[in-house]
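Asks: This is coords-v7.csv, which holds CSV, N, CA and C atoms:
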chain,number,residue,atom,x,y,z
A,235,MET,N,-84.5,44.0,44.9
A,235,MET,CA,-83.9,42.9,45.7
A,235,MET,C,-82.6,42.5,45.1
A,236,LEU,N,-82.5,42.3,43.8
A,236,LEU,CA,-81.2,41.9,43.2
A,236,LEU,C,-80.2,43.0,43.3
A,237,ASN,N,-80.6,44.3,43.2
A,237,ASN,CA,-79.6,45.4,43.3
A,237,ASN,C,-79.1,45.4,44.7
A,238,ARG,N,-79.9,45.2,45.7
A,238,ARG,CA,-79.5,45.3,47.1
A,238,ARG,C,-78.5,44.1,47.4
A,239,THR,N,-78.7,43.0,46.9
A,239,THR,CA,-77.8,41.8,47.0
A,239,THR,C,-76.5,42.1,46.4
A,240,LEU,N,-76.5,42.6,45.1
A,240,LEU,CA,-75.3,42.9,44.4
A,240,LEU,C,-74.5,44.0,45.1
A,241,GLY,N,-75.2,45.0,45.7
A,241,GLY,CA,-74.6,46.0,46.4
A,241,GLY,C,-73.9,45.5,47.7
A,242,ARG,N,-74.5,44.6,48.4
A,242,ARG,CA,-73.9,44.0,49.6
A,242,ARG,C,-72.7,43.1,49.2
A,243,VAL,N,-72.7,42.4,48.1
A,243,VAL,CA,-71.6,41.6,47.6
A,243,VAL,C,-70.4,42.5,47.3
A,244,ALA,N,-70.7,43.6,46.6
A,244,ALA,CA,-69.7,44.6,46.2
A,244,ALA,C,-69.0,45.2,47.5
A,245,LEU,N,-69.9,45.5,48.5
A,245,LEU,CA,-69.3,46.1,49.7
A,245,LEU,C,-68.5,45.1,50.4
A,246,CYS,N,-68.9,43.9,50.5
A,246,CYS,CA,-68.1,42.9,51.2
A,246,CYS,C,-66.7,42.7,50.5
A,247,GLY,N,-66.8,42.7,49.1
A,247,GLY,CA,-65.5,42.6,48.4
A,247,GLY,C,-64.6,43.7,48.6
A,248,CYS,N,-65.1,44.9,48.7
A,248,CYS,CA,-64.2,46.1,49.0
A,248,CYS,C,-63.7,46.0,50.4
A,249,LEU,N,-64.4,45.6,51.4
A,249,LEU,CA,-64.0,45.5,52.7
A,249,LEU,C,-62.9,44.4,52.9
A,250,ILE,N,-63.0,43.3,52.2
A,250,ILE,CA,-62.0,42.3,52.2
A,250,ILE,C,-60.7,42.8,51.5
A,251,ALA,N,-60.8,43.5,50.4
A,251,ALA,CA,-59.6,44.0,49.8
A,251,ALA,C,-58.9,45.0,50.6
A,252,ALA,N,-59.7,45.9,51.3
A,252,ALA,CA,-59.1,46.9,52.2
A,252,ALA,C,-58.4,46.3,53.4
A,253,SER,N,-59.0,45.3,53.9
A,253,SER,CA,-58.4,44.6,55.1
A,253,SER,C,-57.0,44.0,54.7
A,254,GLY,N,-56.9,43.5,53.5
A,254,GLY,CA,-55.6,42.9,53.1
A,254,GLY,C,-54.5,44.0,53.0
A,255,LEU,N,-54.9,45.2,52.5
A,255,LEU,CA,-54.0,46.3,52.4
A,255,LEU,C,-53.5,46.8,53.7
A,256,LEU,N,-54.4,46.9,54.7
A,256,LEU,CA,-54.1,47.3,56.0
A,256,LEU,C,-53.2,46.4,56.7
A,257,GLN,N,-53.4,45.1,56.5
A,257,GLN,CA,-52.5,44.1,57.2
A,257,GLN,C,-51.2,44.0,56.6
A,258,ALA,N,-51.0,44.5,55.3
A,258,ALA,CA,-49.7,44.4,54.6
A,258,ALA,C,-48.7,45.4,55.2
A,259,HIS,N,-49.2,46.5,55.8
A,259,HIS,CA,-48.3,47.4,56.4
A,259,HIS,C,-48.1,47.1,57.9
A,260,HIS,N,-46.9,46.8,58.3
A,260,HIS,CA,-46.6,46.2,59.6
A,260,HIS,C,-45.8,47.2,60.4
A,261,SER,N,-45.7,46.9,61.7
A,261,SER,CA,-44.9,47.6,62.7
A,261,SER,C,-43.5,47.2,62.5
A,262,LEU,N,-42.6,48.2,62.8
A,262,LEU,CA,-41.1,47.8,62.8
A,262,LEU,C,-40.8,46.8,63.8
A,263,ALA,N,-41.5,46.9,65.0
A,263,ALA,CA,-41.2,46.0,66.1
A,263,ALA,C,-41.4,44.5,65.7
A,264,GLY,N,-42.1,44.2,64.7
A,264,GLY,CA,-42.3,42.8,64.3
A,264,GLY,C,-41.1,42.2,63.7
A,265,VAL,N,-40.3,43.1,63.0
A,265,VAL,CA,-39.1,42.6,62.3
A,265,VAL,C,-37.8,42.9,62.9
A,266,TYR,N,-37.7,44.1,63.5
A,266,TYR,CA,-36.5,44.7,64.0
A,266,TYR,C,-36.4,44.7,65.5
A,267,ASP,N,-35.2,44.6,66.1
A,267,ASP,CA,-34.9,44.6,67.5
A,267,ASP,C,-34.9,46.1,67.9
A,268,MET,N,-36.0,46.6,68.4
A,268,MET,CA,-36.1,48.0,68.6
A,268,MET,C,-35.3,48.5,69.8
A,269,LYS,N,-34.7,47.6,70.6
A,269,LYS,CA,-33.9,48.0,71.7
A,269,LYS,C,-32.4,48.0,71.3
A,270,ALA,N,-32.1,47.7,70.1
A,270,ALA,CA,-30.7,47.6,69.7
A,270,ALA,C,-30.4,48.6,68.6
A,271,ASP,N,-29.2,49.1,68.6
A,271,ASP,CA,-28.7,50.0,67.5
A,271,ASP,C,-27.3,49.4,67.1
A,272,LYS,N,-27.1,49.5,65.8
A,272,LYS,CA,-25.8,49.0,65.2
A,272,LYS,C,-25.3,50.1,64.3
A,273,GLU,N,-24.0,50.1,64.1
A,273,GLU,CA,-23.3,51.0,63.2
A,273,GLU,C,-22.3,50.2,62.4
A,274,MET,N,-22.2,50.5,61.1
A,274,MET,CA,-21.2,49.8,60.3
A,274,MET,C,-20.9,50.7,59.1
A,275,SER,N,-19.8,50.3,58.4
A,275,SER,CA,-19.4,51.0,57.2
A,275,SER,C,-19.4,50.0,56.0
A,276,GLY,N,-19.6,50.6,54.8
A,276,GLY,CA,-19.6,49.7,53.7
A,276,GLY,C,-19.7,50.5,52.4
A,277,THR,N,-19.8,49.8,51.3
A,277,THR,CA,-19.8,50.4,49.9
A,277,THR,C,-21.2,50.2,49.3
A,278,VAL,N,-21.9,51.3,48.9
A,278,VAL,CA,-23.2,51.3,48.4
A,278,VAL,C,-23.2,50.4,47.1
A,279,THR,N,-24.2,49.5,47.0
A,279,THR,CA,-24.4,48.7,45.8
A,279,THR,C,-25.7,49.1,45.1
A,280,SER,N,-26.7,49.5,45.8
A,280,SER,CA,-27.9,50.0,45.1
A,280,SER,C,-28.8,50.8,46.1
A,281,VAL,N,-29.6,51.7,45.5
A,281,VAL,CA,-30.5,52.5,46.3
A,281,VAL,C,-31.8,52.4,45.5
A,282,LYS,N,-32.9,52.1,46.1
A,282,LYS,CA,-34.2,52.1,45.5
A,282,LYS,C,-35.2,53.0,46.2
A,283,PHE,N,-35.8,53.9,45.4
A,283,PHE,CA,-36.7,54.8,46.0
A,283,PHE,C,-38.1,54.4,45.5
A,284,THR,N,-38.7,53.5,46.4
A,284,THR,CA,-40.0,52.9,46.0
A,284,THR,C,-41.0,53.1,47.2
A,285,ASN,N,-42.3,52.9,47.0
A,285,ASN,CA,-43.3,53.0,48.0
A,285,ASN,C,-43.8,51.5,48.2
A,286,PRO,N,-44.1,51.1,49.4
A,286,PRO,CA,-44.2,51.9,50.6
A,286,PRO,C,-42.8,52.1,51.3
A,287,HIS,N,-41.8,51.3,51.0
A,287,HIS,CA,-40.5,51.4,51.6
A,287,HIS,C,-39.4,51.3,50.5
A,288,GLY,N,-38.4,52.2,50.6
A,288,GLY,CA,-37.3,52.1,49.7
A,288,GLY,C,-36.2,51.2,50.4
A,289,SER,N,-35.1,51.0,49.7
A,289,SER,CA,-34.1,50.2,50.3
A,289,SER,C,-32.7,50.7,49.9
A,290,LEU,N,-31.7,50.4,50.7
A,290,LEU,CA,-30.3,50.8,50.5
A,290,LEU,C,-29.5,49.5,50.7
A,291,SER,N,-28.8,49.1,49.7
A,291,SER,CA,-28.0,47.9,49.8
A,291,SER,C,-26.5,48.3,49.8
A,292,PHE,N,-25.7,47.7,50.6
A,292,PHE,CA,-24.3,48.0,50.6
A,292,PHE,C,-23.5,46.7,51.1
A,293,ASP,N,-22.2,46.7,50.6
A,293,ASP,CA,-21.4,45.5,50.9
A,293,ASP,C,-20.5,45.9,52.1
A,294,VAL,N,-20.4,45.0,53.1
A,294,VAL,CA,-19.5,45.2,54.2
A,294,VAL,C,-18.5,44.1,54.2
A,295,LYS,N,-17.2,44.5,54.4
A,295,LYS,CA,-16.1,43.5,54.4
A,295,LYS,C,-16.0,42.9,55.8
A,296,ASN,N,-16.1,41.6,55.9
A,296,ASN,CA,-16.0,40.8,57.1
A,296,ASN,C,-14.5,40.7,57.6
A,297,ALA,N,-14.4,40.2,58.8
A,297,ALA,CA,-13.0,40.1,59.4
A,297,ALA,C,-12.2,39.1,58.5
A,298,ASP,N,-12.8,38.1,57.9
A,298,ASP,CA,-12.1,37.0,57.2
A,298,ASP,C,-11.9,37.5,55.7
A,299,GLY,N,-12.3,38.7,55.4
A,299,GLY,CA,-12.1,39.2,54.0
A,299,GLY,C,-13.2,39.0,53.1
A,300,THR,N,-14.2,38.2,53.4
A,300,THR,CA,-15.4,38.0,52.6
A,300,THR,C,-16.3,39.2,52.7
A,301,MET,N,-17.2,39.3,51.8
A,301,MET,CA,-18.2,40.4,51.8
A,301,MET,C,-19.6,39.9,52.1
A,302,THR,N,-20.3,40.7,52.9
A,302,THR,CA,-21.7,40.5,53.1
A,302,THR,C,-22.5,41.7,52.6
A,303,GLU,N,-23.6,41.4,51.9
A,303,GLU,CA,-24.5,42.4,51.4
A,303,GLU,C,-25.5,42.7,52.5
A,304,TRP,N,-25.6,43.9,53.0
A,304,TRP,CA,-26.7,44.3,54.0
A,304,TRP,C,-27.7,45.1,53.2
A,305,VAL,N,-29.0,44.9,53.6
A,305,VAL,CA,-30.1,45.7,53.0
A,305,VAL,C,-30.8,46.5,54.1
A,306,MET,N,-30.8,47.8,54.0
A,306,MET,CA,-31.5,48.6,54.9
A,306,MET,C,-32.9,49.1,54.3
A,307,THR,N,-33.9,49.0,55.2
A,307,THR,CA,-35.2,49.4,54.8
A,307,THR,C,-35.3,50.9,55.1
A,308,LEU,N,-35.8,51.7,54.1
A,308,LEU,CA,-35.9,53.1,54.2
A,308,LEU,C,-37.4,53.5,54.4
A,309,GLY,N,-37.7,54.7,54.6
A,309,GLY,CA,-39.0,55.2,54.5
A,309,GLY,C,-39.5,55.2,53.1
A,310,SER,N,-40.7,55.8,52.9
A,310,SER,CA,-41.2,55.9,51.5
A,310,SER,C,-40.4,56.9,50.7
A,311,ALA,N,-40.6,56.8,49.4
A,311,ALA,CA,-39.9,57.8,48.5
A,311,ALA,C,-40.4,59.2,48.8
A,312,THR,N,-41.6,59.4,49.2
A,312,THR,CA,-42.2,60.7,49.5
A,312,THR,C,-41.6,61.2,50.8
A,313,ALA,N,-41.5,60.4,51.9
A,313,ALA,CA,-40.9,60.8,53.1
A,313,ALA,C,-39.4,61.2,52.9
A,314,LEU,N,-38.7,60.4,52.1
A,314,LEU,CA,-37.3,60.7,51.9
A,314,LEU,C,-37.1,62.0,51.1
A,315,ALA,N,-38.0,62.3,50.1
A,315,ALA,CA,-37.9,63.5,49.4
A,315,ALA,C,-38.2,64.7,50.3
A,316,GLN,N,-39.1,64.5,51.3
A,316,GLN,CA,-39.3,65.6,52.2
A,316,GLN,C,-38.1,66.0,53.1
A,317,ARG,N,-37.2,65.0,53.2
A,317,ARG,CA,-35.9,65.2,53.9
A,317,ARG,C,-34.8,65.7,53.0
A,318,GLY,N,-35.1,65.8,51.7
A,318,GLY,CA,-34.1,66.2,50.8
A,318,GLY,C,-33.2,65.1,50.3
A,319,ILE,N,-33.7,63.9,50.4
A,319,ILE,CA,-33.0,62.7,50.0
A,319,ILE,C,-33.6,62.2,48.7
A,320,GLY,N,-32.8,62.1,47.7
A,320,GLY,CA,-33.3,61.6,46.4
A,320,GLY,C,-32.2,61.1,45.5
A,321,LYS,N,-32.4,61.0,44.2
A,321,LYS,CA,-31.5,60.4,43.3
A,321,LYS,C,-30.4,61.5,42.9
A,322,THR,N,-30.7,62.7,43.1
A,322,THR,CA,-29.8,63.8,42.8
A,322,THR,C,-29.6,64.8,43.9
A,323,GLY,N,-28.7,65.6,43.9
A,323,GLY,CA,-28.5,66.6,44.9
A,323,GLY,C,-27.4,66.2,45.9
A,324,PRO,N,-27.2,67.1,46.9
A,324,PRO,CA,-26.2,66.9,47.9
A,324,PRO,C,-26.4,65.7,48.8
A,325,ASN,N,-27.7,65.2,48.9
A,325,ASN,CA,-28.0,64.0,49.7
A,325,ASN,C,-28.2,62.8,49.0
A,326,ALA,N,-27.8,62.8,47.7
A,326,ALA,CA,-27.9,61.6,46.9
A,326,ALA,C,-26.9,60.5,47.2
A,327,LEU,N,-27.2,59.3,47.2
A,327,LEU,CA,-26.3,58.2,47.4
A,327,LEU,C,-26.1,57.5,46.0
A,328,HIS,N,-24.8,57.1,45.8
A,328,HIS,CA,-24.5,56.5,44.5
A,328,HIS,C,-23.7,55.2,44.7
A,329,THR,N,-23.9,54.3,43.7
A,329,THR,CA,-23.2,53.1,43.8
A,329,THR,C,-21.7,53.4,43.9
A,330,GLY,N,-21.0,52.7,44.8
A,330,GLY,CA,-19.6,52.9,45.0
A,330,GLY,C,-19.3,53.9,46.2
A,331,ASP,N,-20.3,54.6,46.6
A,331,ASP,CA,-20.0,55.5,47.8
A,331,ASP,C,-19.7,54.7,49.0
A,332,GLU,N,-18.7,55.2,49.7
A,332,GLU,CA,-18.3,54.6,51.0
A,332,GLU,C,-19.1,55.4,52.1
A,333,ILE,N,-19.9,54.6,52.8
A,333,ILE,CA,-20.8,55.2,53.8
A,333,ILE,C,-20.7,54.6,55.2
A,334,LYS,N,-21.2,55.3,56.2
A,334,LYS,CA,-21.3,54.7,57.5
A,334,LYS,C,-22.8,54.8,57.9
A,335,VAL,N,-23.4,53.8,58.4
A,335,VAL,CA,-24.8,53.8,58.7
A,335,VAL,C,-25.1,53.5,60.2
A,336,LYS,N,-26.1,54.0,60.7
A,336,LYS,CA,-26.7,53.6,62.0
A,336,LYS,C,-28.0,53.1,61.7
A,337,PHE,N,-28.3,51.9,62.4
A,337,PHE,CA,-29.6,51.2,62.0
A,337,PHE,C,-30.1,50.4,63.2
A,338,ILE,N,-31.3,49.9,63.0
A,338,ILE,CA,-31.9,49.0,64.0
A,338,ILE,C,-31.8,47.6,63.3
A,339,PRO,N,-31.1,46.7,63.9
A,339,PRO,CA,-30.9,45.4,63.3
A,339,PRO,C,-32.2,44.5,63.3
A,340,ALA,N,-32.2,43.5,62.4
A,340,ALA,CA,-33.3,42.5,62.4
A,340,ALA,C,-33.2,41.6,63.6
A,341,LYS,N,-34.3,41.2,64.1
A,341,LYS,CA,-34.4,40.3,65.3
A,341,LYS,C,-33.7,39.0,65.0
A,342,ASP,N,-33.8,38.5,63.8
A,342,ASP,CA,-33.2,37.2,63.5
A,342,ASP,C,-31.7,37.1,63.2
A,343,GLY,N,-31.1,38.3,63.2
A,343,GLY,CA,-29.6,38.3,63.0
A,343,GLY,C,-29.3,38.4,61.5
A,344,SER,N,-30.2,38.4,60.6
A,344,SER,CA,-29.9,38.4,59.2
A,344,SER,C,-29.4,39.8,58.8
A,345,PRO,N,-28.7,39.9,57.7
A,345,PRO,CA,-28.1,41.2,57.3
A,345,PRO,C,-29.1,42.2,56.8
A,346,LEU,N,-30.0,42.6,57.7
A,346,LEU,CA,-31.1,43.5,57.3
A,346,LEU,C,-31.3,44.5,58.5
A,347,GLY,N,-31.7,45.7,58.2
A,347,GLY,CA,-31.9,46.7,59.2
A,347,GLY,C,-32.8,47.8,58.7
A,348,PHE,N,-33.3,48.6,59.7
A,348,PHE,CA,-34.1,49.8,59.4
A,348,PHE,C,-33.1,51.0,59.6
A,349,LEU,N,-32.9,51.7,58.6
A,349,LEU,CA,-31.9,52.8,58.6
A,349,LEU,C,-32.3,54.0,59.4
A,350,LYS,N,-31.4,54.4,60.3
A,350,LYS,CA,-31.7,55.6,61.1
A,350,LYS,C,-30.9,56.8,60.5
A,351,SER,N,-29.6,56.6,60.2
A,351,SER,CA,-28.8,57.7,59.6
A,351,SER,C,-27.7,57.2,58.7
A,352,VAL,N,-27.3,58.2,57.9
A,352,VAL,CA,-26.2,57.9,56.9
A,352,VAL,C,-25.1,59.0,57.1
A,353,THR,N,-23.9,58.6,57.2
A,353,THR,CA,-22.8,59.5,57.1
A,353,THR,C,-22.2,59.4,55.7
A,354,TYR,N,-22.2,60.5,55.0
A,354,TYR,CA,-21.8,60.5,53.6
A,354,TYR,C,-20.3,60.5,53.5
A,355,PRO,N,-19.7,60.3,52.3
A,355,PRO,CA,-18.3,60.3,52.1
A,355,PRO,C,-17.6,61.7,52.5
A,356,ASP,N,-18.4,62.8,52.3
A,356,ASP,CA,-17.8,64.1,52.7
A,356,ASP,C,-18.0,64.4,54.2
A,357,GLY,N,-18.6,63.5,54.9
A,357,GLY,CA,-18.7,63.7,56.4
A,357,GLY,C,-20.0,64.2,56.9
A,358,HIS,N,-20.9,64.7,56.0
A,358,HIS,CA,-22.2,65.2,56.5
A,358,HIS,C,-23.1,64.0,56.8
A,359,VAL,N,-24.0,64.2,57.8
A,359,VAL,CA,-24.9,63.2,58.3
A,359,VAL,C,-26.3,63.6,58.0
A,360,ILE,N,-27.1,62.6,57.5
A,360,ILE,CA,-28.5,62.8,57.3
A,360,ILE,C,-29.3,61.8,58.2
A,361,GLN,N,-30.2,62.4,58.9
A,361,GLN,CA,-31.1,61.6,59.8
A,361,GLN,C,-32.2,61.0,58.8
A,362,ILE,N,-32.4,59.7,58.7
A,362,ILE,CA,-33.4,59.1,57.9
A,362,ILE,C,-34.6,58.9,58.7
A,363,SER,N,-34.5,58.4,59.9
A,363,SER,CA,-35.6,58.0,60.8
A,363,SER,C,-35.2,58.1,62.2
A,364,ALA,N,-36.2,58.4,63.1
A,364,ALA,CA,-35.9,58.4,64.5
A,364,ALA,C,-35.8,57.0,65.1
A,365,GLY,N,-36.3,56.0,64.3
A,365,GLY,CA,-36.3,54.6,64.7
A,365,GLY,C,-37.3,54.2,65.7
A,366,ASN,N,-38.5,54.9,65.6
A,366,ASN,CA,-39.6,54.6,66.5
A,366,ASN,C,-40.4,53.5,65.9
A,367,ALA,N,-41.1,52.8,66.7
A,367,ALA,CA,-41.9,51.6,66.3
A,367,ALA,C,-42.9,52.0,65.2
A,368,ASN,N,-43.3,53.3,65.1
A,368,ASN,CA,-44.3,53.7,64.1
A,368,ASN,C,-43.8,54.3,62.9
A,369,ASP,N,-42.4,54.4,62.7
A,369,ASP,CA,-41.8,55.0,61.5
A,369,ASP,C,-42.1,54.2,60.3
I need this file expressed as structure tokens, please.

Replies:
Amino acid sequence: MLNRTLGRVALCGCLIAASGLLQAHHSLAGVYDMKADKEMSGTVTSVKFTNPHGSLSFDVKNADGTMTEWVMTLGSATALAQRGIGKTGPNALHTGDEIKVKFIPAKDGSPLGFLKSVTYPDGHVIQISAGNAND
């Protein structure tokens, strides 16, 4: 009887923990305006290859001369590696690189987006995401 009760308690604990993990991964449509695309240029300040989502930060010069740091959400480090994007090689991004990006902007207008593509300093373009709600 005691073993059965302990087993049920353990099972409930596992289910509660798993539900928290599932809720942590959200749809793009909850944060980003899936009907809008933006394009801008800037200077890379950092690139992070982490799971579940990496990030690319870059500075954009505003019309008044001030700078705004934009942060782009990327796919996972694994998904990026499958596209040949990493810390080294022809598709690597480095601090100081001048890039042009296409992205899906945040719904709230903050300097945040989901990256779709990058045009590198040498002109080659890498597709990061199709920008679907399930990416």

Asks: If we count all atoms listed in the file and set the cut-off at 7 Å, which residues sit around A:Pro355, ignoring sequence neighbours fewer than 4 positions away in its own chain? Please answer as a VMD selection string.

Replies: chain A and resid 331 to 334

Asks: Any idea what's packed within 8 Å of A:Pro345, counting all atoms listed in the file, ignoring anything in its chain fewer than 5 positions away? Could you give it as a list in words?

Replies: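 So the residues in contact are Thr302, Glu303, Trp304, Val305, Met306, Pro339 and Ala340 of chain A.
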
Asks: Name the residues in contact with A:Gly288 at a cut-off of 8 Å, using only C-alpha atoms, excluding same-chain residues fewer than 2 positions from it; report them as a VMD selection string.

Replies: chain A and resid 281 to 286 290 307 to 311

Asks: Mind listing whatever residues come within 5 Å of the point (-24.0, 47.2, 47.8)? Use all atoms listed in the file, file coordinates, and give them as a list in words.

Replies: Thr277, Val278, Thr279, Ser280, Ser291, Phe292 and Asp293 of chain A

Asks: Atom CA of A:Gly276 and atom CA of A:Ile362 are how many Å apart?

Replies: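 Atom CA of A:Ile362 lies 17.2 Å from atom CA of A:Gly276.
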
Asks: Which of these, A:Asn325, A:Val335, A:Gly320, A:Met301, has the shortest distance to A:Ser351 once you count all atoms listed in the file?

Replies: A:Val335

Asks: Grab the atom CA of A:Asp267 to atom C of A:Ile338 distance for me, in Å with one decimal place.

Replies: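 We find that atom CA of A:Asp267 and atom C of A:Ile338 lie 6.0 Å from each other.
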
Asks: Which residue out of A:Ser275, A:Ser289, A:Ser261, A:Thr322 has the minimum interatomic distance to A:Gly347 when only C-alpha atoms are used?

Replies: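 That would be A:Ser289, the residue with the smallest distance to A:Gly347.
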
Asks: Could you tell me which of A:Gly299, A:His287, A:Thr312, A:Ser363 comes closest to A:Phe337 if we count only C-alpha atoms?

Replies: A:Ser363

Asks: For the atom pair atom CA of A:Leu327 and atom CA of A:His358, what is the interatomic distance in Å to one decimal place?

Replies: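 Atom-to-atom, atom CA of A:Leu327 and atom CA of A:His358 are spaced 12.2 Å apart.
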